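Below: the structure, in C-alpha cells.
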Amino acid sequence: MDPSTDTVFIRGLEIPTLIGVVEWERQVEQIVVINLELATDITPAAAGDDLRDALDYSVVLRRVKEFVGASTFQLVETLAERTAQMVLDEFSVRRLRLELVKPRPNSGGHTVGVIIERGAPAE
C-alpha cells in the first residue's frame with residue numbers, strides 16, 4: 001500500500017458461505033476470514049470529528065458480510081476478486097488489500113487463501 005495514504009483496516013471478519021469445488025463443499029457453508037486494508041484519506045473525518053466525513057467501516061463490514069455470505073463461487077480467487085471489486089465500486093476507497101483465508105479444520109490446522117491488491121496504482 002502507498003505509505004502516504006491513510007489506511008482503514010478490518011481484520012478477522014468471519015463469514016459463513018458456500019465455497020469450494022468438491023461435492024461436500026457445495027453442500028455445507030464454511031467460514032472464510034477476510035482482512036481488508038482500505039486506502040482512504042481520513043483527514044476530513046479527523047478534522048471535523050464527523051462520521052459523515054469518514055469511511056464508515058460498519059457499513060463496509062455489513063456490505064462485505066452480505067456479499068460474501070450470498071456468494072456461491074467455487075474458487076477463493078474468484079470470491080476475493082469479486083469482493084474487492086464490489087468494495088472499490090461502492091465505497092470511497094482508492095486502493096485495497098484483501099486477504100481471504102479459508103481455514104481447513106480437518107487438515108491438521110493449516111489454512112489456505114489469497115491476498116490481492118486492487119485499485120489505483122500506488123504513487
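Going through the C-alpha cells in order, the chains are called A, B, and so on, while each chain numbers its residues from 1 and the ligands are numbered from 1 in the order shown.
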
- Would you return as a ChimeraX atom specification the members of region 22-98 of chain A that DSSP assigns to alpha helix (DSSP H) on this structure's backbone? /A:43-48,57-70,76-90

- Residue nearest Leu18 (chain A) - candidates A:Asn35, A:Ser58, A:Thr72, A:Thr5, atoms counted: only C-alpha atoms: A:Thr72

- Message: What's around region 114-116 of chain A at 8 Å? Count only C-alpha atoms, leave out sequence neighbours fewer than 4 positions away in its own chain, and write the answer as a ChimeraX atom specification.
- Response: /A:76-77,80-81,97-101

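Among the candidates A:Met86, A:Val64, A:Val33, A:Leu96, the residue lying nearest to Gly119 (chain A) is A:Leu96 (atoms considered: only C-alpha atoms).
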
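For the pair CA of Ala84 (chain A) and CA of Arg118 (chain A), the interatomic distance is 7.0 Å.
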
- Which residues come within 12 Å of Leu75 (chain A), counting only C-alpha atoms, excluding same-chain residues fewer than 4 positions away, as a VMD selection string? chain A and resid 17 to 22 25 to 26 32 71 79 to 82 100 to 102 112 to 114

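Between CA of Lys65 (chain A) and CA of Leu51 (chain A) lies a distance of 21.0 Å.
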
- Task: Quote the spacing between CA of Ser92 (chain A) and CA of Val60 (chain A) in Å to one decimal place.
- Result: 10.4 Å

- Which of these, A:Pro103, A:Thr83, A:Phe91, A:Gly108, has the shortest distance to Ala70 (chain A) once you count only C-alpha atoms? A:Thr83

- Would you list, as a PyMOL selection string, the residues of region 12-61 of chain A that end up in strand (DSSP E or B) under DSSP run on this structure's backbone? chain A and resi 12-17+30-39

Take the residues from that selection and write them out as an mmCIF file, in the first residue's frame, keeping N, CA, C and O atoms.
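Final file, again-v6.cif:
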data_model
loop_
_atom_site.group_PDB
_atom_site.id
_atom_site.type_symbol
_atom_site.label_atom_id
_atom_site.label_comp_id
_atom_site.auth_asym_id
_atom_site.auth_seq_id
_atom_site.Cartn_x
_atom_site.Cartn_y
_atom_site.Cartn_z
ATOM 1 N N GLY A 12 -10.078 -10.059 10.623
ATOM 2 C CA GLY A 12 -10.732 -11.177 11.286
ATOM 3 C C GLY A 12 -12.227 -11.273 11.076
ATOM 4 O O GLY A 12 -12.928 -11.837 11.902
ATOM 5 N N LEU A 13 -12.709 -10.752 9.957
ATOM 6 C CA LEU A 13 -14.144 -10.801 9.662
ATOM 7 C C LEU A 13 -14.503 -12.220 9.219
ATOM 8 O O LEU A 13 -14.111 -12.664 8.143
ATOM 9 N N GLU A 14 -15.223 -12.943 10.050
ATOM 10 C CA GLU A 14 -15.602 -14.333 9.772
ATOM 11 C C GLU A 14 -16.996 -14.360 9.160
ATOM 12 O O GLU A 14 -17.941 -13.813 9.731
ATOM 13 N N ILE A 15 -17.091 -15.012 7.985
ATOM 14 C CA ILE A 15 -18.357 -15.042 7.257
ATOM 15 C C ILE A 15 -18.633 -16.460 6.766
ATOM 16 O O ILE A 15 -17.811 -17.053 6.064
ATOM 17 N N PRO A 16 -19.807 -17.015 7.093
ATOM 18 C CA PRO A 16 -20.172 -18.322 6.541
ATOM 19 C C PRO A 16 -20.627 -18.177 5.091
ATOM 20 O O PRO A 16 -21.375 -17.255 4.760
ATOM 21 N N THR A 17 -20.149 -19.073 4.230
ATOM 22 C CA THR A 17 -20.513 -19.023 2.813
ATOM 23 C C THR A 17 -20.274 -20.386 2.170
ATOM 24 O O THR A 17 -19.585 -21.234 2.722
ATOM 25 N N GLN A 30 -19.044 -22.923 4.831
ATOM 26 C CA GLN A 30 -17.771 -22.888 5.536
ATOM 27 C C GLN A 30 -17.509 -21.441 5.944
ATOM 28 O O GLN A 30 -18.008 -20.512 5.324
ATOM 29 N N ILE A 31 -16.699 -21.280 6.956
ATOM 30 C CA ILE A 31 -16.312 -19.942 7.384
ATOM 31 C C ILE A 31 -15.092 -19.506 6.570
ATOM 32 O O ILE A 31 -14.119 -20.258 6.467
ATOM 33 N N VAL A 32 -15.162 -18.308 6.004
ATOM 34 C CA VAL A 32 -13.980 -17.670 5.448
ATOM 35 C C VAL A 32 -13.670 -16.465 6.320
ATOM 36 O O VAL A 32 -14.559 -15.889 6.951
ATOM 37 N N VAL A 33 -12.400 -16.111 6.370
ATOM 38 C CA VAL A 33 -11.963 -14.969 7.164
ATOM 39 C C VAL A 33 -11.412 -13.923 6.207
ATOM 40 O O VAL A 33 -10.577 -14.242 5.352
ATOM 41 N N ILE A 34 -11.910 -12.695 6.358
ATOM 42 C CA ILE A 34 -11.487 -11.598 5.482
ATOM 43 C C ILE A 34 -10.762 -10.544 6.297
ATOM 44 O O ILE A 34 -11.231 -10.140 7.370
ATOM 45 N N ASN A 35 -9.625 -10.128 5.772
ATOM 46 C CA ASN A 35 -8.879 -8.987 6.302
ATOM 47 C C ASN A 35 -8.795 -7.966 5.177
ATOM 48 O O ASN A 35 -8.432 -8.320 4.045
ATOM 49 N N LEU A 36 -9.142 -6.735 5.487
ATOM 50 C CA LEU A 36 -9.142 -5.666 4.485
ATOM 51 C C LEU A 36 -8.294 -4.495 4.953
ATOM 52 O O LEU A 36 -8.341 -4.123 6.130
ATOM 53 N N GLU A 37 -7.551 -3.918 4.038
ATOM 54 C CA GLU A 37 -6.880 -2.635 4.244
ATOM 55 C C GLU A 37 -7.391 -1.717 3.147
ATOM 56 O O GLU A 37 -7.268 -2.036 1.960
ATOM 57 N N LEU A 38 -7.990 -0.606 3.541
ATOM 58 C CA LEU A 38 -8.667 0.296 2.614
ATOM 59 C C LEU A 38 -7.956 1.644 2.595
ATOM 60 O O LEU A 38 -7.916 2.349 3.616
ATOM 61 N N ALA A 39 -7.390 1.997 1.448
ATOM 62 C CA ALA A 39 -6.686 3.268 1.308
ATOM 63 C C ALA A 39 -7.699 4.389 1.111
ATOM 64 O O ALA A 39 -8.468 4.387 0.156
#

- Message: as an MDAnalysis selection string, please: the residues near Asp53 (chain A) (cut-off 7 Å, only C-alpha atoms, same-chain neighbours under 3 positions excluded).
- Response: chainID A and resid 44:45 50

Expected file: the selected residues, all heavy atoms, as a short mmCIF file (atom, residue, chain, number, x, y, z; two decimals), in the first residue's frame:
data_model
loop_
_atom_site.label_atom_id
_atom_site.label_comp_id
_atom_site.auth_asym_id
_atom_site.auth_seq_id
_atom_site.Cartn_x
_atom_site.Cartn_y
_atom_site.Cartn_z
N PRO A 44 -10.34 14.63 6.42
CA PRO A 44 -11.60 15.35 6.67
C PRO A 44 -12.33 14.85 7.92
O PRO A 44 -12.83 15.65 8.70
CB PRO A 44 -12.42 15.09 5.41
CG PRO A 44 -11.43 14.76 4.35
CD PRO A 44 -10.31 14.05 5.06
N ALA A 45 -12.37 13.54 8.11
CA ALA A 45 -13.05 12.99 9.29
C ALA A 45 -12.32 13.39 10.57
O ALA A 45 -12.95 13.76 11.56
CB ALA A 45 -13.13 11.47 9.19
N ASP A 50 -16.39 13.95 12.46
CA ASP A 50 -17.75 13.72 11.98
C ASP A 50 -17.79 12.46 11.12
O ASP A 50 -17.07 12.37 10.12
CB ASP A 50 -18.22 14.91 11.17
CG ASP A 50 -19.70 14.90 10.87
OD1 ASP A 50 -20.30 13.80 10.79
OD2 ASP A 50 -20.28 15.99 10.69
#

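Nearest to Glu117 (chain A) of all the residues A:Arg94, A:Leu61, A:Arg104, A:Arg52 is A:Arg94, counting only C-alpha atoms.
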
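Take the candidates A:Asp89, A:Ile42, A:Arg11, A:Val28 and check each one against Asp56 (chain A) using only C-alpha atoms; the shortest distance goes to A:Ile42.
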
- Min atom-atom distance to Thr40 (chain A) from the set A:Val87, A:Val8, A:Val68, A:Ala120, counting only C-alpha atoms, belongs to A:Val8
